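As provided, structure_2.cif (mmCIF, C-alpha atoms) reads as follows.
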```cif
data_coords
loop_
_atom_site.group_PDB
_atom_site.id
_atom_site.type_symbol
_atom_site.label_atom_id
_atom_site.label_comp_id
_atom_site.auth_asym_id
_atom_site.auth_seq_id
_atom_site.Cartn_x
_atom_site.Cartn_y
_atom_site.Cartn_z
ATOM 1 C CA MET K 1 68.090 -50.096 58.272
ATOM 2 C CA ARG K 2 70.137 -51.274 61.239
ATOM 3 C CA ASP K 3 70.787 -47.670 62.241
ATOM 4 C CA LEU K 4 67.027 -47.200 62.763
ATOM 5 C CA ILE K 5 66.297 -50.368 64.698
ATOM 6 C CA GLY K 6 66.821 -50.162 68.439
ATOM 7 C CA GLU K 7 67.618 -52.936 70.895
ATOM 8 C CA THR K 8 64.095 -54.342 70.496
ATOM 9 C CA GLY K 9 64.570 -55.031 66.788
ATOM 10 C CA GLN K 10 61.622 -52.748 66.071
ATOM 11 C CA ILE K 11 61.214 -49.310 64.655
ATOM 12 C CA ILE K 12 59.082 -47.199 66.947
ATOM 13 C CA ILE K 13 58.185 -43.726 65.750
ATOM 14 C CA ALA K 14 56.322 -41.499 68.175
ATOM 15 C CA GLY K 15 55.415 -37.878 68.583
ATOM 16 C CA SER K 16 52.837 -35.286 67.829
ATOM 17 C CA CYS K 17 50.844 -35.081 64.656
ATOM 18 C CA ALA K 18 52.410 -31.725 63.839
ATOM 19 C CA LEU K 19 55.302 -29.565 64.915
ATOM 20 C CA GLU K 20 53.446 -26.546 66.239
ATOM 21 C CA THR K 21 56.158 -24.849 68.324
ATOM 22 C CA ARG K 22 59.705 -25.589 69.439
ATOM 23 C CA GLU K 23 58.510 -25.835 73.057
ATOM 24 C CA GLN K 24 55.781 -28.347 72.191
ATOM 25 C CA PHE K 25 58.274 -30.483 70.274
ATOM 26 C CA GLN K 26 60.837 -30.324 73.111
ATOM 27 C CA GLU K 27 58.165 -31.425 75.572
ATOM 28 C CA ASN K 28 57.189 -34.368 73.355
ATOM 29 C CA ILE K 29 60.802 -35.463 73.055
ATOM 30 C CA SER K 30 61.420 -35.253 76.803
ATOM 31 C CA LEU K 31 58.332 -37.379 77.523
ATOM 32 C CA LEU K 32 59.086 -40.006 74.880
ATOM 33 C CA LYS K 33 62.846 -40.429 75.317
ATOM 34 C CA VAL K 34 62.324 -41.851 78.829
ATOM 35 C CA GLU K 35 60.369 -44.633 77.089
ATOM 36 C CA GLY K 36 63.380 -45.438 74.915
ATOM 37 C CA ILE K 37 62.013 -43.756 71.802
ATOM 38 C CA ASN K 38 64.668 -42.269 69.525
ATOM 39 C CA ILE K 39 62.663 -41.539 66.361
ATOM 40 C CA PHE K 40 60.433 -38.512 66.743
ATOM 41 C CA ARG K 41 57.657 -37.641 64.317
ATOM 42 C CA ALA K 42 56.336 -34.157 63.802
ATOM 43 C CA SER K 43 54.742 -33.216 60.525
ATOM 44 C CA LEU K 44 55.712 -29.895 58.993
ATOM 45 C CA TRP K 45 53.285 -29.986 56.068
ATOM 46 C CA LYS K 46 49.727 -30.981 56.956
ATOM 47 C CA PRO K 47 47.318 -32.090 54.235
ATOM 48 C CA ARG K 48 43.816 -31.104 55.314
ATOM 49 C CA THR K 49 40.334 -32.400 54.593
ATOM 50 C CA GLY K 50 39.063 -28.817 54.761
ATOM 51 C CA PRO K 51 40.731 -25.403 54.927
ATOM 52 C CA GLY K 52 42.751 -24.757 58.048
ATOM 53 C CA TRP K 53 46.252 -24.648 59.462
ATOM 54 C CA GLU K 54 48.594 -26.471 57.067
ATOM 55 C CA GLY K 55 51.646 -26.736 59.301
ATOM 56 C CA ASN K 56 54.802 -24.690 59.737
ATOM 57 C CA GLY K 57 56.280 -25.989 56.499
ATOM 58 C CA GLU K 58 59.773 -24.797 55.666
ATOM 59 C CA ARG K 59 59.897 -22.633 58.830
ATOM 60 C CA GLY K 60 59.706 -25.816 60.909
ATOM 61 C CA VAL K 61 62.617 -27.645 59.239
ATOM 62 C CA PRO K 62 65.323 -26.043 61.443
ATOM 63 C CA ILE K 63 63.334 -26.778 64.618
ATOM 64 C CA LEU K 64 62.774 -30.426 63.648
ATOM 65 C CA LEU K 65 66.447 -30.979 62.896
ATOM 66 C CA GLU K 66 67.956 -28.866 65.722
ATOM 67 C CA GLU K 67 65.899 -30.630 68.384
ATOM 68 C CA THR K 68 66.768 -34.137 67.194
ATOM 69 C CA LEU K 69 69.976 -34.610 65.238
ATOM 70 C CA PRO K 70 72.503 -32.988 67.653
ATOM 71 C CA HIS K 71 71.121 -35.264 70.401
ATOM 72 C CA GLY K 72 71.443 -38.495 68.408
ATOM 73 C CA TYR K 73 67.728 -38.731 67.660
ATOM 74 C CA ILE K 74 66.116 -39.358 64.289
ATOM 75 C CA PRO K 75 63.507 -36.911 62.987
ATOM 76 C CA ALA K 76 60.539 -38.127 60.928
ATOM 77 C CA THR K 77 58.073 -36.050 58.936
ATOM 78 C CA GLU K 78 55.605 -36.355 56.099
ATOM 79 C CA VAL K 79 56.493 -34.797 52.762
ATOM 80 C CA MET K 80 54.031 -33.891 50.060
ATOM 81 C CA THR K 81 56.407 -32.845 47.273
ATOM 82 C CA GLY K 82 59.892 -33.427 45.968
ATOM 83 C CA ASP K 83 60.747 -29.927 47.164
ATOM 84 C CA HIS K 84 59.837 -30.890 50.737
ATOM 85 C CA ALA K 85 62.013 -34.004 50.465
ATOM 86 C CA LEU K 86 64.913 -31.919 49.160
ATOM 87 C CA GLN K 87 64.653 -29.503 52.104
ATOM 88 C CA ILE K 88 64.850 -32.362 54.594
ATOM 89 C CA ASP K 89 67.682 -34.112 52.743
ATOM 90 C CA ARG K 90 69.812 -30.961 52.567
ATOM 91 C CA GLY K 91 69.139 -30.191 56.224
ATOM 92 C CA VAL K 92 70.112 -33.678 57.391
ATOM 93 C CA LYS K 93 73.265 -33.665 55.262
ATOM 94 C CA ALA K 94 74.417 -30.493 57.057
ATOM 95 C CA TYR K 95 74.603 -32.494 60.317
ATOM 96 C CA GLY K 96 77.237 -34.896 59.005
ATOM 97 C CA ARG K 97 77.415 -38.373 57.512
ATOM 98 C CA ASP K 98 75.971 -40.153 60.559
ATOM 99 C CA ALA K 99 72.766 -38.102 60.687
ATOM 100 C CA ARG K 100 69.602 -39.951 59.634
ATOM 101 C CA ALA K 101 65.987 -38.996 59.033
ATOM 102 C CA ILE K 102 62.769 -40.586 57.868
ATOM 103 C CA VAL K 103 60.294 -38.934 55.567
ATOM 104 C CA TRP K 104 57.040 -40.525 54.609
ATOM 105 C CA ILE K 105 54.548 -40.398 51.830
ATOM 106 C CA GLY K 106 51.179 -40.404 53.512
ATOM 107 C CA ALA K 107 47.889 -41.959 52.572
ATOM 108 C CA ARG K 108 46.648 -38.650 51.159
ATOM 109 C CA ASN K 109 49.508 -38.376 48.663
ATOM 110 C CA GLN K 110 48.462 -40.864 46.009
ATOM 111 C CA ASN K 111 49.807 -38.964 43.019
ATOM 112 C CA HIS K 112 52.357 -41.321 41.472
ATOM 113 C CA PHE K 113 54.053 -38.448 39.620
ATOM 114 C CA GLU K 114 54.872 -36.753 42.918
ATOM 115 C CA GLN K 115 55.723 -40.064 44.608
ATOM 116 C CA ARG K 116 58.283 -40.716 41.876
ATOM 117 C CA ARG K 117 59.683 -37.200 42.212
ATOM 118 C CA ILE K 118 60.092 -37.586 45.982
ATOM 119 C CA ALA K 119 61.825 -40.940 45.465
ATOM 120 C CA SER K 120 64.114 -39.525 42.767
ATOM 121 C CA VAL K 121 65.121 -36.530 44.880
ATOM 122 C CA LEU K 122 66.002 -38.787 47.799
ATOM 123 C CA ALA K 123 67.749 -41.371 45.605
ATOM 124 C CA GLU K 124 70.002 -38.642 44.199
ATOM 125 C CA GLY K 125 70.474 -36.982 47.598
ATOM 126 C CA SER K 126 72.680 -37.640 50.592
ATOM 127 C CA GLY K 127 71.671 -41.264 51.145
ATOM 128 C CA GLN K 128 70.865 -40.391 54.759
ATOM 129 C CA VAL K 129 67.083 -40.188 54.474
ATOM 130 C CA TYR K 130 64.824 -43.220 54.599
ATOM 131 C CA LEU K 131 61.503 -43.206 52.784
ATOM 132 C CA MET K 132 58.468 -44.693 54.483
ATOM 133 C CA VAL K 133 55.328 -45.249 52.432
ATOM 134 C CA LYS K 134 51.933 -45.574 54.031
ATOM 135 C CA ASN K 135 49.204 -47.430 52.213
ATOM 136 C CA GLN K 136 46.336 -45.550 50.609
ATOM 137 C CA VAL K 137 43.053 -45.181 52.506
ATOM 138 C CA TRP K 138 41.096 -47.622 50.329
ATOM 139 C CA HIS K 139 41.588 -51.388 50.522
ATOM 140 C CA ASP K 140 43.507 -52.362 47.384
ATOM 141 C CA PHE K 141 46.648 -54.492 47.525
ATOM 142 C CA LYS K 142 47.501 -53.908 43.857
ATOM 143 C CA HIS K 143 47.511 -50.135 44.384
ATOM 144 C CA TRP K 144 49.815 -50.340 47.426
ATOM 145 C CA ILE K 145 52.272 -52.547 45.523
ATOM 146 C CA GLY K 146 52.034 -50.116 42.597
ATOM 147 C CA ILE K 147 53.268 -47.290 44.827
ATOM 148 C CA PHE K 148 56.379 -49.305 45.651
ATOM 149 C CA GLU K 149 56.923 -50.198 42.012
ATOM 150 C CA HIS K 150 56.874 -46.501 41.092
ATOM 151 C CA ILE K 151 59.360 -45.694 43.863
ATOM 152 C CA ILE K 152 61.770 -48.536 43.035
ATOM 153 C CA GLU K 153 61.584 -47.713 39.317
ATOM 154 C CA SER K 154 62.606 -44.146 40.233
ATOM 155 C CA GLY K 155 65.922 -45.493 41.482
ATOM 156 C CA PHE K 156 65.237 -45.376 45.206
ATOM 157 C CA PRO K 157 67.206 -48.124 47.008
ATOM 158 C CA ARG K 158 65.136 -50.890 48.614
ATOM 159 C CA GLU K 159 67.354 -50.919 51.710
ATOM 160 C CA ARG K 160 66.119 -47.432 52.634
ATOM 161 C CA LEU K 161 62.449 -48.132 51.879
ATOM 162 C CA ILE K 162 59.980 -48.801 54.698
ATOM 163 C CA MET K 163 56.414 -50.016 54.224
ATOM 164 C CA CYS K 164 53.953 -48.749 56.822
ATOM 165 C CA HIS K 165 50.569 -50.385 57.153
ATOM 166 C CA ARG K 166 48.260 -47.682 58.524
ATOM 167 C CA GLY K 167 45.026 -49.583 57.990
ATOM 168 C CA PHE K 168 42.163 -48.674 55.684
ATOM 169 C CA SER K 169 39.221 -46.345 56.014
ATOM 170 C CA PRO K 170 36.360 -48.313 57.567
ATOM 171 C CA GLY K 171 33.840 -46.818 55.151
ATOM 172 C CA ARG K 172 30.682 -48.833 55.661
ATOM 173 C CA ASN K 173 32.463 -51.885 57.049
ATOM 174 C CA GLU K 174 31.855 -53.086 60.578
ATOM 175 C CA ASN K 175 34.114 -51.349 63.049
ATOM 176 C CA PRO K 176 33.230 -52.668 66.518
ATOM 177 C CA ASP K 177 36.489 -51.427 68.051
ATOM 178 C CA GLY K 178 36.078 -47.920 66.651
ATOM 179 C CA TYR K 179 39.398 -47.858 64.808
ATOM 180 C CA ARG K 180 40.177 -44.774 62.764
ATOM 181 C CA ASN K 181 41.568 -47.177 60.142
ATOM 182 C CA LEU K 182 40.900 -50.910 60.019
ATOM 183 C CA PRO K 183 44.059 -53.031 59.976
ATOM 184 C CA GLU K 184 44.510 -55.714 57.341
ATOM 185 C CA PHE K 185 47.501 -57.552 58.789
ATOM 186 C CA SER K 186 47.499 -60.344 56.202
ATOM 187 C CA MET K 187 48.001 -57.746 53.465
ATOM 188 C CA ALA K 188 50.789 -56.039 55.410
ATOM 189 C CA MET K 189 52.631 -59.308 55.937
#
```
Just dump the structure as structure tokens.
Amino acid sequence: MRDLIGETGQIIIAGSCALETREQFQENISLLKVEGINIFRASLWKPRTGPGWEGNGERGVPILLEETLPHGYIPATEVMTGDHALQIDRGVKAYGRDARAIVWIGARNQNHFEQRRIASVLAEGSGQVYLMVKNQVWHDFKHWIGIFEHIIESGFPRERLIMCHRGFSPGRNENPDGYRNLPEFSMAM
């Protein structure tokens, strides 16, 4: 984990929601690197509430890696399947032993069969890809812990596992600050 943490002792991941074009991603990187950011997010596969653009998928993998890894940056992207995880792992491995990446299982991917497959693929892979897991959209501590239990049981090493508290859907709860997702910091801690 030390290779992800900057001088601040924090992991800061920034970037666009999706990798739309190489030029857009280059622009994001140039704006963020002056702020000291070295982990750049850009989703390649986009789960959607309704039909629409679902990302560049496999076509975006070379762009994500070519614009980050040769420059000492760390790419980060959401994966939905074990196949996606395998594509990222193989791509990162091609850049040498010091290359690192982060993939995450998002709040919309609550299928424990696929979570376990993603974890297994990465556990058996290069060892260069970290797995970040975001909590589900509904407020349930037992479920969030269950995700981690599935991943650890799949053989994924704890030292490459990152928990990401993304908050919970406000539903009908009060939301005076207008958050997209309400934080529950006591649960995250």
I'd like to see the residues matched by the PyMOL selection byres ((chain K and resi 63-73) around 10) on this file, and ideally I'd get them as a PDB file with C-alpha atoms, in the coordinates of the input.
```pdb
ATOM      1  CA  LEU K   4      67.027 -47.200  62.763  1.00  0.00           C
ATOM      2  CA  LEU K  19      55.302 -29.565  64.915  1.00  0.00           C
ATOM      3  CA  THR K  21      56.158 -24.849  68.324  1.00  0.00           C
ATOM      4  CA  ARG K  22      59.705 -25.589  69.439  1.00  0.00           C
ATOM      5  CA  GLU K  23      58.510 -25.835  73.057  1.00  0.00           C
ATOM      6  CA  PHE K  25      58.274 -30.483  70.274  1.00  0.00           C
ATOM      7  CA  GLN K  26      60.837 -30.324  73.111  1.00  0.00           C
ATOM      8  CA  ILE K  29      60.802 -35.463  73.055  1.00  0.00           C
ATOM      9  CA  LYS K  33      62.846 -40.429  75.317  1.00  0.00           C
ATOM     10  CA  ILE K  37      62.013 -43.756  71.802  1.00  0.00           C
ATOM     11  CA  ASN K  38      64.668 -42.269  69.525  1.00  0.00           C
ATOM     12  CA  ILE K  39      62.663 -41.539  66.361  1.00  0.00           C
ATOM     13  CA  PHE K  40      60.433 -38.512  66.743  1.00  0.00           C
ATOM     14  CA  ARG K  41      57.657 -37.641  64.317  1.00  0.00           C
ATOM     15  CA  ALA K  42      56.336 -34.157  63.802  1.00  0.00           C
ATOM     16  CA  SER K  43      54.742 -33.216  60.525  1.00  0.00           C
ATOM     17  CA  LEU K  44      55.712 -29.895  58.993  1.00  0.00           C
ATOM     18  CA  GLU K  58      59.773 -24.797  55.666  1.00  0.00           C
ATOM     19  CA  ARG K  59      59.897 -22.633  58.830  1.00  0.00           C
ATOM     20  CA  GLY K  60      59.706 -25.816  60.909  1.00  0.00           C
ATOM     21  CA  VAL K  61      62.617 -27.645  59.239  1.00  0.00           C
ATOM     22  CA  PRO K  62      65.323 -26.043  61.443  1.00  0.00           C
ATOM     23  CA  ILE K  74      66.116 -39.358  64.289  1.00  0.00           C
ATOM     24  CA  PRO K  75      63.507 -36.911  62.987  1.00  0.00           C
ATOM     25  CA  ALA K  76      60.539 -38.127  60.928  1.00  0.00           C
ATOM     26  CA  THR K  77      58.073 -36.050  58.936  1.00  0.00           C
ATOM     27  CA  ILE K  88      64.850 -32.362  54.594  1.00  0.00           C
ATOM     28  CA  GLY K  91      69.139 -30.191  56.224  1.00  0.00           C
ATOM     29  CA  VAL K  92      70.112 -33.678  57.391  1.00  0.00           C
ATOM     30  CA  ALA K  94      74.417 -30.493  57.057  1.00  0.00           C
ATOM     31  CA  TYR K  95      74.603 -32.494  60.317  1.00  0.00           C
ATOM     32  CA  GLY K  96      77.237 -34.896  59.005  1.00  0.00           C
ATOM     33  CA  ASP K  98      75.971 -40.153  60.559  1.00  0.00           C
ATOM     34  CA  ALA K  99      72.766 -38.102  60.687  1.00  0.00           C
ATOM     35  CA  ARG K 100      69.602 -39.951  59.634  1.00  0.00           C
ATOM     36  CA  ALA K 101      65.987 -38.996  59.033  1.00  0.00           C
TER      37      ALA K 101
END
```
Discussion item. Applying the PyMOL selection byres ((chain K and resi 162-165) around 8) to the file I just gave you, which residues come out? Please list them as an NGL selection string.
Written reply: :K and (130-135 or 160-161 or 166-167 or 183 or 185 or 188)
Discussion item. I'd like the neighbourhood of Gln115 (chain K) as a list in words, where a residue qualifies if any of its atoms comes within 8 Å (using all atoms listed in the file), though same-chain residues fewer than 3 positions away should be ignored.
Written reply: Thr81, Gly82, Ile105, Asn109, Gln110, Asn111, His112, Ile118, Ala119, Ile147, His150 and Ile151 of chain K
Fill in: Who sits within 12 Å of Glu124 (chain K), only C-alpha atoms, same chain under 6 positions skipped, as a PyMOL selection string
chain K and resi 82+85-86+89-90+117-118+154-157
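The spacing separating CA of Glu78 (chain K) from CA of Ile13 (chain K) amounts to 12.4 Å.
Across the structure, CA of Thr49 (chain K) and CA of Val79 (chain K) are spaced 16.4 Å apart.
Atom pair CA of Ser30 (chain K) / CA of Trp45 (chain K) has a distance of 22.9 Å (rounded to one decimal).
Counting only C-alpha atoms, the residue from K:Ala14, K:Ile145, K:Val137, K:Met80 that sits nearest to Arg180 (chain K) is K:Val137.
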Fill in: Pick from K:Gln136, K:Ala18, K:Trp104, K:Ile12, whichever lies nearest to Asn56 (chain K) using all atoms listed in the file
K:Ala18
As JSON, please: the centre and edge lengths in Å, to one decimal, of an axis-aligned box enclosing every listed atom of region 111-117 of chain K with 5 Å added on each side.
```
{"center_x": 54.7, "center_y": -39.0, "center_z": 42.1, "size_x": 19.9, "size_y": 14.6, "size_z": 15.0}
```
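The nearest approach to Arg158 (chain K) among the residues K:Gly52, K:Gly178, K:Ala123, K:Pro170, with all atoms listed in the file taken into account, belongs to K:Ala123.
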Item to complete: Select, from K:Gly15, K:Gly127, K:Gly57, K:Gly171, the residue with the minimum atom-to-atom distance to Glu159 (chain K), counting only C-alpha atoms.
Response: K:Gly127
Fill in: From K:Lys46, K:Asp140, K:Gly36, K:Asn28, residue lying nearest Gln10 (chain K) [only C-alpha atoms]
K:Gly36
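In this comparison, which uses only C-alpha atoms, the residue of K:Glu27, K:Glu20, K:Val121, K:Leu32 approaching Trp53 (chain K) most closely is K:Glu20.
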